[in-house]
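Report on one structure; see the data block that follows.
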Amino acid sequence: MKQNLLDFDAHGLTTYFAEMGEKPFRAKQLMRWMYKEGESDFAAMTDIAASLRDKLTQYACIATPTIMREELSDDGTRKWLLDVGTGNAVEAVYIPEATRGTLCISSQAGCALDCSFCSTGKQGFNRNLSVAEIIGQLWWANHQLGKNAEGNWAISNVVMMGMGEPLLNFDNTVSALRLMLDDHGYGLSRRRVTVSTSGVVPAMDRLREECPVALAVSLHAPNDALRDVLVPINKKYPLKDLLAACTRYLEQAPRDFITFEYVMLDGVNDSVQQAHELLWLVRDVPCKFNLIPFNPFPQTHYRRSKPDAIARFRDVLMQANVVTTTRKTRGDDIAAACGQLAGQVRDKTKRTMQRPVVLHR
Ligand code: SAH
Ligand code: SF4
């Protein structure tokens with residue numbers, strides 16, 4: 001089988017080339033073609049010696065996961081469904097905004113953590129994505145969207161907030177992050193790459209050591225009793241430990257705050273009293289809040305908080321000078337909103353595979 005070069009970070013590619021008797025600068029040259037130019041055809045890499053190009057054509061490839069379907073939402077959000085084999089699919093979502101283009105990518109097919117309000121969790125865990133499958137989402141999206149007038153790729157920000165828990169696929173996630181940050185890769189600033197975690201405390205410490213990027217933590221509850229129900233990994237790493245890990249993370253983080261995500265569930269975690277409890281809980285952690293109106297999916301008993309409950313909750317946080325944003329539920333019409341990703345995939349895989357690619361709705 002051919003070696004997929006998207007599976008290597010810079011170090012891995014240099015080692016691979018060394019084993020072929022090639023100099024390290026060849027790895028840099030190749031990375032520039034792959035990531036700066038978005039080229040996947042070795043024959044087109046004109047400044048690489050013909051003999052090496054031939055060798056690469058014979059033994060290697062640059063292959064992203066196969067795209068099963070693309071959908072375009074009325075609000076410009078785009079969703080790609082990627083086939084990762086054995087009836088599994090993951091999703092990547094592109095969200096265009098005036099000043100940036102954000103890609104939300106997946107790290108696992110399914111998720112083992114089973115948060116009670118998450119459709120990915122309801123699918124159970126299937127497998128970790130490879131480095132090529134993670135970085136391939138960005139490669140593919142850039143390839144599709146192209147470059148802007150300044151010659152930059154459309155995607156300026158990456159958030160690992162798609163399917164799966166990135167910190168439970170640690171090594172592959174870190175290799176993919178390195179390719180996003182590497183000057184010969186996508187050259188993104190650490191501040192523009194965000195990992196979202198449900199709170200895998202030891203892995204948060206490793207991330208800080210090995211590859212600090214912006215961090216979002218899925219808090220969702222103001223106390224352990226409720227968080228145990230919503231985010232079951234809380235039983236293993238309770239709030240006291242999680243918040244201490246957040247403080248440690250900030251010692252080396254590219255940003256000086258943690259983004260706390262908080263899903264707004266009607267009558268569950270959205271009262272004014274709970275907002276006050278939350279403020280007290282995070283009093284020692286420099287943070288911002290991102291309130292995410294719950295996105296319903298079939299088989300859930302939760303409901304989205306009412307708009308006035310969300311506004312009241314936000315006001316309590318804002319009055320205490322905690323910057324709070326409420327996430328727009330973008331891409332709703334194509335089920336590309338948070339937590340809906342590939343919610344239907346496992347059941348619908350057979351159907352979607354038979355359908356032609358939908359480019360415009
Ligand atoms: N596993 C990681 C990252 C992926 S989930 C994590 O849990 O942080 C990205 C965000 O979407 C998390 O904050 C998650 O709690 C939230 N989310 C999951 N299901 C949701 C739903 N149905 N509605 C709104 N947000 C949801
Ligand atoms: Fe997994 Fe995140 Fe969903 Fe929880 S919210 S089940 S950690 S993907």
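Ligands are numbered from 1 in the order shown, chains are lettered A, B, ... in the order of the structure tokens, and residues start at 1 in each chain.
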
Find the residues of chain A that sit at most 7 Å from ligand 1; for each, write down the nearest two atoms and how far apart they are in Å, to one decimal. Count only C-alpha atoms and all ligand atoms. Sort by chain, then by number going up, and give it as a tab-separated table.
residue	atom	partner	partner_atom_place_in_ligand_line	distance
A:Phe117	CA	ligand 1	22 (N)	5.3
A:Cys118	CA	ligand 1	19 (N)	3.5
A:Ser119	CA	ligand 1	19 (N)	6.0
A:Met160	CA	ligand 1	3 (C)	6.3
A:Met161	CA	ligand 1	4 (C)	3.9
A:Gly162	CA	ligand 1	4 (C)	4.9
A:Met163	CA	ligand 1	4 (C)	5.4
A:Gly164	CA	ligand 1	1 (N)	4.9
A:Glu165	CA	ligand 1	1 (N)	3.6
A:Pro166	CA	ligand 1	1 (N)	6.4
A:Ser196	CA	ligand 1	8 (O)	4.3
A:Thr197	CA	ligand 1	8 (O)	3.7
A:Ser198	CA	ligand 1	7 (O)	4.1
A:Val217	CA	ligand 1	8 (O)	5.9
A:Ser218	CA	ligand 1	13 (O)	4.4
A:Glu261	CA	ligand 1	13 (O)	5.1
A:Tyr262	CA	ligand 1	13 (O)	6.6
A:Val263	CA	ligand 1	25 (N)	5.3
A:Ile292	CA	ligand 1	24 (C)	5.5
A:Pro293	CA	ligand 1	24 (C)	5.9
A:Phe294	CA	ligand 1	23 (N)	3.7
A:Asn295	CA	ligand 1	23 (N)	3.8
A:Pro296	CA	ligand 1	22 (N)	5.5
A:Phe297	CA	ligand 1	22 (N)	6.7
A:Cys338	CA	ligand 1	25 (N)	4.7
A:Gly339	CA	ligand 1	19 (N)	3.3
A:Gln340	CA	ligand 1	22 (N)	5.7

### Message
Would you pick out the contacts of region 268-283 of chain A at 8 Å or less, using only C-alpha atoms, so that residues sharing its chain but fewer than 2 positions from it are not included, and give the list as JSON, numbers by chain?
### Response
{"A": [220, 221, 222, 223, 243, 264, 265, 266, 285, 286, 287, 305, 309, 310, 312, 313, 316, 317, 320]}

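Compared by their closest atoms to ligand 2, and using only C-alpha atoms and all ligand atoms, the residues A:Pro232, A:Pro254, A:Pro24, A:Gly267 rank with A:Pro232 nearest.
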
Could the residues of region 51-146 of chain A that have an atom at most 12 Å from region 323-328 of chain A be listed as CSV, each with its closest atom pair and the distance in Å to one decimal, counting only C-alpha atoms and ordered by chain and ascending residue number?
residue,atom,partner,partner_atom,distance
A:Asp75,CA,A:Lys328,CA,11.0
A:Thr77,CA,A:Lys328,CA,11.8
A:Ile95,CA,A:Lys328,CA,10.9
A:Glu97,CA,A:Lys328,CA,11.7

#### Entry: From A:Ser73, A:Thr300, A:Ser106, A:Asn126, residue lying nearest Asn88 (chain A) [only C-alpha atoms]
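Between A:Ser73, A:Thr300, A:Ser106, A:Asn126, the residue approaching Asn88 (chain A) most closely is A:Asn126.
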
### Query
When distances are computed from only C-alpha atoms, which of A:Asp74, A:Asp315, A:Glu22, A:Asp256 shows the smallest separation from Lys288 (chain A)?
A:Asp256

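When only C-alpha atoms and all ligand atoms are used to compute distances to ligand 2, the closest of the residues A:Ile48, A:Met31, A:Ala176, A:Leu113 turns out to be A:Leu113.
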
### Task
Figure out the distance between CA of Cys61 (chain A) and CA of Asn4 (chain A), please, to one decimal in Å.
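Those two atoms sit 4.9 Å apart.
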
### Message
Can you measure CA of Tyr59 (chain A) to CA of Ala18 (chain A) for me? One decimal in Å is fine.
### Response
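Rounded to one decimal, the two atoms are 14.7 Å apart.
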
### Query
With only C-alpha atoms as the basis for distance, which of A:Ala154, A:Val322, A:Pro307, A:Arg190 is at the shortest distance from Ala98 (chain A)?
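Looking only at the distances to Ala98 (chain A), the closest residue turns out to be A:Ala154.
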
Proximity check region 50-96 of chain A to region 37-44 of chain A, 7 Å, nearest pairs one decimal Å, only C-alpha atoms, as JSON lines:
{"residue": "A:Arg53", "atom": "CA", "partner": "A:Phe42", "partner_atom": "CA", "distance": 5.7}
{"residue": "A:Thr57", "atom": "CA", "partner": "A:Phe42", "partner_atom": "CA", "distance": 6.4}
{"residue": "A:Ile62", "atom": "CA", "partner": "A:Ser40", "partner_atom": "CA", "distance": 5.4}

### Option closest in space to ligand 2, from A:Met20, A:Met45, A:Leu219, A:Ala112 [counting only C-alpha atoms and all ligand atoms]
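For ligand 2, the nearest of the given residues is A:Ala112.
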
### Query
If you measure from CA of Arg78 (chain A) to CA of Leu188 (chain A), what distance in Å do you get, rounded to one decimal?
20.9 Å

### Query
Where does DSSP see helix (DSSP H, G or I) in region 161-268 of chain A, if you list the residues as a ChimeraX atom specification?
/A:166-168,170-181,190-192,201-210,224-230,232-235,239-250

### Query
If you count only C-alpha atoms, which residues fall within 12 Å of Gly146 (chain A), apart from same-chain ones fewer than 5 positions away, as a PyMOL selection string?
chain A and resi 36-39+101+138-141+151-155
